[in-house]
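Notes follow the structure.
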Amino acid sequence: MRLHLALALATLTSSALASSALTSGALISSAWADEVEDAHRQALQGRDSYWNCLAREYSPDHIKTMSAQDFTADIAAACPSERQNFRVTLMDYLSMQHPDAEAGAHLSTANRAIQLAQKDIVTAFTRHKAAPN
């Protein structure tokens, strides 16, 4: 009788621990998913802030008076705080998505995203300058 009671208690305890571990795992997974989603949202906000800042540089005054080379240099130096915020938030998100990636991979990806944003605004500028009035 004692053996049956001990086995029943052990089974019950084991079952409760397994259930608790599954619940804890689900909570941790849910919390992690929330953190990843929050990091994604922040990266998107950083991107939008940077793009909006670059768009402000693309003003009619710049279009009329600057050469493409000068505008490219201006864009490369424009919006330093927005650019850095975008870089950091994107790297945070990428490190959550791909924690096993090599150290410089996320920085390279973030820098490439910044380069592409700059390239897009310069391309728009160049096309506008080349268009007939």
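In the structure tokens, chains take the letters A, B, ... in the order shown, each chain's residues start at 1, and ligands count up from 1 in the order shown.
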Neighbours of stretch 41-52 of chain A within 8 Å (only C-alpha atoms; same-chain residues fewer than 2 positions away dropped), as a list in words?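 These residues fall inside the cut-off: Glu37, Asp38, Ala39, Leu54, Ala55, Arg56, Cys79, Glu82, Arg83, Asn85, Phe86, Arg87, Thr89, Leu90, Tyr93 and Ala117 of chain A.
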Restricting it to N, CA and C atoms, dump the selection as an mmCIF file, in the first residue's frame.
```cif
data_model
loop_
_atom_site.group_PDB
_atom_site.id
_atom_site.type_symbol
_atom_site.label_atom_id
_atom_site.label_comp_id
_atom_site.auth_asym_id
_atom_site.auth_seq_id
_atom_site.Cartn_x
_atom_site.Cartn_y
_atom_site.Cartn_z
ATOM 1 N N GLU A 37 8.443 40.872 -31.301
ATOM 2 C CA GLU A 37 7.483 41.745 -31.980
ATOM 3 C C GLU A 37 7.736 43.210 -31.633
ATOM 4 N N ASP A 38 8.036 43.474 -30.379
ATOM 5 C CA ASP A 38 8.343 44.840 -29.957
ATOM 6 C C ASP A 38 9.613 45.338 -30.651
ATOM 7 N N ALA A 39 10.623 44.491 -30.741
ATOM 8 C CA ALA A 39 11.863 44.866 -31.429
ATOM 9 C C ALA A 39 11.597 45.126 -32.912
ATOM 10 N N LEU A 54 15.229 61.727 -44.273
ATOM 11 C CA LEU A 54 15.847 61.830 -45.601
ATOM 12 C C LEU A 54 14.925 62.548 -46.582
ATOM 13 N N ALA A 55 13.648 62.276 -46.488
ATOM 14 C CA ALA A 55 12.682 62.919 -47.388
ATOM 15 C C ALA A 55 12.666 64.429 -47.183
ATOM 16 N N ARG A 56 12.864 64.861 -45.942
ATOM 17 C CA ARG A 56 12.916 66.315 -45.689
ATOM 18 C C ARG A 56 14.132 66.949 -46.362
ATOM 19 N N CYS A 79 20.797 63.398 -41.152
ATOM 20 C CA CYS A 79 20.006 62.631 -40.184
ATOM 21 C C CYS A 79 20.838 61.653 -39.349
ATOM 22 N N GLU A 82 18.797 59.819 -36.435
ATOM 23 C CA GLU A 82 17.801 58.895 -36.990
ATOM 24 C C GLU A 82 18.477 57.685 -37.619
ATOM 25 N N ARG A 83 19.592 57.923 -38.295
ATOM 26 C CA ARG A 83 20.348 56.836 -38.922
ATOM 27 C C ARG A 83 20.872 55.862 -37.860
ATOM 28 N N ASN A 85 19.729 55.476 -34.773
ATOM 29 C CA ASN A 85 18.604 54.794 -34.142
ATOM 30 C C ASN A 85 18.113 53.637 -35.007
ATOM 31 N N PHE A 86 18.010 53.858 -36.304
ATOM 32 C CA PHE A 86 17.595 52.804 -37.228
ATOM 33 C C PHE A 86 18.595 51.651 -37.178
ATOM 34 N N ARG A 87 19.877 51.970 -37.223
ATOM 35 C CA ARG A 87 20.920 50.939 -37.191
ATOM 36 C C ARG A 87 20.800 50.084 -35.916
ATOM 37 N N THR A 89 18.229 49.764 -33.698
ATOM 38 C CA THR A 89 16.982 49.006 -33.538
ATOM 39 C C THR A 89 16.915 47.842 -34.517
ATOM 40 N N LEU A 90 17.430 48.024 -35.720
ATOM 41 C CA LEU A 90 17.448 46.927 -36.684
ATOM 42 C C LEU A 90 18.393 45.824 -36.217
ATOM 43 N N TYR A 93 16.720 43.834 -33.450
ATOM 44 C CA TYR A 93 15.722 42.915 -33.995
ATOM 45 C C TYR A 93 16.391 41.719 -34.675
ATOM 46 N N ALA A 117 18.518 52.934 -48.392
ATOM 47 C CA ALA A 117 17.641 54.096 -48.180
ATOM 48 C C ALA A 117 18.255 55.337 -48.814
#
```
What separates atom CA of A:Thr72 and atom CA of A:Thr109 is a distance of 20.8 Å
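Each of A:Ala124, A:Ser95, A:Leu116, A:Val36 was checked against A:Ser59 using only C-alpha atoms; the smallest atom-to-atom distance is that of A:Ala124.
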Distance of atom CA of A:Ala76 from atom CA of A:Ala101, expressed in Å to one decimal place: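 Going from atom CA of A:Ala101 over to atom CA of A:Ala76, I get 27.6 Å.
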